Amino acid sequence: MVFTDRTFVMIKPDGVQRGLVGDIVARFEHRGLKIAAMKMLLVSEDLAKKHYEEHAAKPFFPNLVSFIRSGPVVAMVVEGKDVVPMVRSMVGATNPKNSNPGTIRGDFAVDMGRNVIHASDSPESAKREISLYFNTSEIATYKRIDEQWLYE
Ligand code: DGI
């Protein structure tokens, strides 16, 4: 059984600078989710504004744009059954103050503006965000060897 539900995940500059990339990617791999694409990049101003366009009118928007551009990020496409809600639950609440221990933000973050990771909040956002960061040719199609042990 191959599941092609996709989500977009980004380890933000704080996660990269703090050396958390391996730990975070391992959580997705160990859960049984498939990394279908991954790259490190510096986000342009144009891309940052498109990424956060839903927040354009908010007072924290300029900080959001400048923070996401403050260092390299790691962008990923992650696949699996019900992957959008599953990854959101692994990421935890937006404000780390409210993120449960065991979630990525609950284990690694303290402040809202340094919450380590972004993950799409709906399949529609995932589609939009994946297309902002990846060409279709950059997304790999392959089978994990443990799929028969992950899916019934
Ligand atoms: O999808 P999330 O990252 O959990 O949350 P979101 O899409 O609502 O917001 C995007 C980012 O914007 C979030 O990770 C942190 C920041 N943010 C959201 N709401 C606030 C905020 N930053 C500040 N300073 N104040 C807010 O109310």
# chains A, B, ... in the order shown; residues from 1 in each chain; ligands from 1
>>> closest_atom_pairs(of="chain A", to="ligand 1", cutoff="7 Å", atoms="only C-alpha atoms and all ligand atoms", output="Markdown table")
| residue | atom | partner | partner_atom_place_in_ligand_line | distance |
| --- | --- | --- | --- | --- |
| A:Phe60 | CA | ligand 1 | 24 (N) | 5.1 |
| A:Leu64 | CA | ligand 1 | 12 (O) | 6.1 |
| A:Ala93 | CA | ligand 1 | 4 (O) | 6.0 |
| A:Thr94 | CA | ligand 1 | 4 (O) | 3.7 |
| A:Met112 | CA | ligand 1 | 15 (C) | 5.3 |
| A:Gly113 | CA | ligand 1 | 15 (C) | 5.3 |
| A:Asn115 | CA | ligand 1 | 14 (O) | 6.1 |
| A:His118 | CA | ligand 1 | 3 (O) | 5.1 |
| A:Ala119 | CA | ligand 1 | 1 (O) | 6.2 |
| A:Ser120 | CA | ligand 1 | 1 (O) | 6.5 |
| A:Asp121 | CA | ligand 1 | 1 (O) | 6.0 |
>>> write_last_selection(atoms="C-alpha atoms", output="PDB file, in the first residue's frame")
ATOM      1  CA  PHE A  60       4.275  40.413  13.416  1.00  0.00           C
ATOM      2  CA  LEU A  64       8.186  36.623  10.438  1.00  0.00           C
ATOM      3  CA  ALA A  93       1.033  24.056  19.243  1.00  0.00           C
ATOM      4  CA  THR A  94       2.189  27.279  17.546  1.00  0.00           C
ATOM      5  CA  MET A 112       6.674  31.776  19.639  1.00  0.00           C
ATOM      6  CA  GLY A 113       9.067  33.581  17.291  1.00  0.00           C
ATOM      7  CA  ASN A 115       9.408  27.732  17.279  1.00  0.00           C
ATOM      8  CA  HIS A 118       6.791  24.910  10.117  1.00  0.00           C
ATOM      9  CA  ALA A 119       4.300  22.309   8.847  1.00  0.00           C
ATOM     10  CA  SER A 120       1.288  22.767   6.563  1.00  0.00           C
ATOM     11  CA  ASP A 121      -2.066  23.080   8.342  1.00  0.00           C
TER      12      ASP A 121
END
>>> select_by_dssp(residues="stretch 22-83 of chain A", states="helix (DSSP H, G or I)", output="list in words")
Gly22, Asp23, Ile24, Val25, Ala26, Arg27, Phe28, Glu29, His30, Arg31, Glu45, Asp46, Leu47, Ala48, Lys49, Lys50, His51, Glu53, Glu54, His55, Phe61, Pro62, Asn63, Leu64, Val65, Ser66, Phe67, Ile68 and Val83 of chain A
>>> closest_atom_pairs(of="stretch 118-148 of chain A", to="stretch 24-45 of chain A", cutoff="12 Å", atoms="only C-alpha atoms", output="CSV")
residue,atom,partner,partner_atom,distance
A:His118,CA,A:Ile24,CA,11.6
A:Ile130,CA,A:Ala37,CA,9.7
A:Ser131,CA,A:Ala37,CA,12.0
A:Leu132,CA,A:Val43,CA,10.8
A:Tyr133,CA,A:Lys39,CA,9.3
A:Phe134,CA,A:Ala37,CA,8.1
A:Asn135,CA,A:Ala37,CA,10.0
A:Thr136,CA,A:Ala37,CA,9.7
A:Ser137,CA,A:Ala37,CA,9.7
A:Glu138,CA,A:Ala37,CA,6.4
A:Ile139,CA,A:Ala37,CA,4.9
A:Ala140,CA,A:Ala36,CA,5.1
A:Thr141,CA,A:Ala36,CA,6.8
A:Tyr142,CA,A:Ala36,CA,8.0
A:Lys143,CA,A:Lys34,CA,8.5
A:Arg144,CA,A:Lys34,CA,7.2
A:Ile145,CA,A:Gly32,CA,10.4
A:Asp146,CA,A:Gly32,CA,8.0
A:Glu147,CA,A:Gly32,CA,8.0
A:Gln148,CA,A:Gly32,CA,10.9
>>> residues_around(residues="A:Asp14", least_positions_apart="3", cutoff="9 Å", atoms="only C-alpha atoms", output="number ranges by chain")
A: 11, 17-20, 67-68, 70-71, 73, 114-117
>>> closest_residue(among="A:Ala56, A:Ala126, A:Ile104, A:Leu150", to="A:Gly15", atoms="only C-alpha atoms")
A:Ile104
>>> select_by_dssp(residues="stretch 31-148 of chain A", states="strand (DSSP E or B)", output="MDAnalysis selection string")
chainID A and resid 34:41 73:79 101 103 117:119
>>> atom_distance(atom1="atom CA of A:Asp82", atom2="atom CA of A:Val16")
26.4 Å
>>> decode(residues="stretch 7-43 of chain A", atoms="N, CA and C atoms", output="CSV table (one decimal), in the first residue's frame")
chain,number,residue,atom,x,y,z
A,7,THR,N,2.8,16.5,2.8
A,7,THR,CA,2.8,17.8,3.5
A,7,THR,C,4.1,18.5,3.3
A,8,PHE,N,4.1,19.8,3.6
A,8,PHE,CA,5.3,20.6,3.5
A,8,PHE,C,5.8,20.8,4.9
A,9,VAL,N,7.1,20.6,5.1
A,9,VAL,CA,7.7,20.8,6.4
A,9,VAL,C,9.0,21.7,6.2
A,10,MET,N,9.2,22.7,7.1
A,10,MET,CA,10.4,23.4,7.0
A,10,MET,C,11.0,23.5,8.4
A,11,ILE,N,12.3,23.2,8.5
A,11,ILE,CA,13.1,23.4,9.7
A,11,ILE,C,13.6,24.9,9.6
A,12,LYS,N,13.1,25.7,10.5
A,12,LYS,CA,13.4,27.2,10.4
A,12,LYS,C,14.9,27.4,10.8
A,13,PRO,N,15.3,28.7,10.5
A,13,PRO,CA,16.7,29.0,10.8
A,13,PRO,C,17.2,28.6,12.2
A,14,ASP,N,16.3,28.8,13.2
A,14,ASP,CA,16.7,28.5,14.6
A,14,ASP,C,17.0,27.0,14.8
A,15,GLY,N,16.2,26.1,14.1
A,15,GLY,CA,16.4,24.7,14.2
A,15,GLY,C,17.7,24.3,13.5
A,16,VAL,N,18.0,24.9,12.4
A,16,VAL,CA,19.3,24.6,11.7
A,16,VAL,C,20.5,25.1,12.5
A,17,GLN,N,20.4,26.3,13.0
A,17,GLN,CA,21.5,26.9,13.8
A,17,GLN,C,21.8,26.1,15.1
A,18,ARG,N,20.7,25.6,15.6
A,18,ARG,CA,20.8,24.8,16.9
A,18,ARG,C,21.2,23.4,16.7
A,19,GLY,N,21.4,23.0,15.4
A,19,GLY,CA,21.8,21.6,15.2
A,19,GLY,C,20.7,20.6,15.4
A,20,LEU,N,19.5,20.9,15.1
A,20,LEU,CA,18.4,20.0,15.4
A,20,LEU,C,17.9,19.3,14.2
A,21,VAL,N,18.5,19.5,13.0
A,21,VAL,CA,18.0,19.0,11.8
A,21,VAL,C,17.9,17.4,11.8
A,22,GLY,N,19.0,16.8,12.3
A,22,GLY,CA,19.0,15.3,12.3
A,22,GLY,C,18.0,14.8,13.3
A,23,ASP,N,17.8,15.4,14.4
A,23,ASP,CA,16.8,14.9,15.4
A,23,ASP,C,15.4,15.0,14.9
A,24,ILE,N,15.2,16.1,14.2
A,24,ILE,CA,13.8,16.3,13.7
A,24,ILE,C,13.5,15.4,12.5
A,25,VAL,N,14.4,15.3,11.6
A,25,VAL,CA,14.2,14.4,10.4
A,25,VAL,C,14.0,12.9,11.0
A,26,ALA,N,14.8,12.6,12.0
A,26,ALA,CA,14.7,11.2,12.5
A,26,ALA,C,13.3,10.9,13.1
A,27,ARG,N,12.7,11.9,13.7
A,27,ARG,CA,11.4,11.7,14.2
A,27,ARG,C,10.4,11.3,13.1
A,28,PHE,N,10.5,12.0,12.0
A,28,PHE,CA,9.6,11.6,10.9
A,28,PHE,C,9.9,10.2,10.3
A,29,GLU,N,11.2,10.0,10.1
A,29,GLU,CA,11.6,8.7,9.6
A,29,GLU,C,11.2,7.5,10.5
A,30,HIS,N,11.5,7.7,11.8
A,30,HIS,CA,11.2,6.7,12.8
A,30,HIS,C,9.6,6.4,12.9
A,31,ARG,N,8.9,7.5,12.7
A,31,ARG,CA,7.4,7.3,12.7
A,31,ARG,C,6.9,6.4,11.6
A,32,GLY,N,7.7,6.4,10.5
A,32,GLY,CA,7.3,5.6,9.3
A,32,GLY,C,6.9,6.5,8.2
A,33,LEU,N,7.1,7.8,8.3
A,33,LEU,CA,6.8,8.7,7.2
A,33,LEU,C,7.9,8.8,6.2
A,34,LYS,N,7.6,9.1,5.0
A,34,LYS,CA,8.6,9.0,3.9
A,34,LYS,C,9.0,10.5,3.6
A,35,ILE,N,10.4,10.7,3.5
A,35,ILE,CA,10.9,11.9,3.1
A,35,ILE,C,10.9,11.8,1.5
A,36,ALA,N,10.1,12.6,0.9
A,36,ALA,CA,10.0,12.5,-0.6
A,36,ALA,C,10.9,13.6,-1.3
A,37,ALA,N,11.2,14.7,-0.5
A,37,ALA,CA,12.1,15.7,-1.1
A,37,ALA,C,12.7,16.4,0.1
A,38,MET,N,13.9,16.9,-0.1
A,38,MET,CA,14.6,17.7,1.0
A,38,MET,C,15.7,18.6,0.5
A,39,LYS,N,15.7,19.8,0.9
A,39,LYS,CA,16.8,20.7,0.5
A,39,LYS,C,17.0,21.8,1.5
A,40,MET,N,18.3,22.3,1.6
A,40,MET,CA,18.6,23.4,2.4
A,40,MET,C,18.7,24.6,1.4
A,41,LEU,N,18.1,25.7,1.9
A,41,LEU,CA,18.1,26.9,1.1
A,41,LEU,C,18.0,28.2,1.9
A,42,LEU,N,18.4,29.3,1.3
A,42,LEU,CA,18.1,30.6,1.9
A,42,LEU,C,16.8,31.2,1.2
A,43,VAL,N,15.9,31.6,2.0
A,43,VAL,CA,14.6,32.0,1.5
A,43,VAL,C,14.7,33.4,1.0
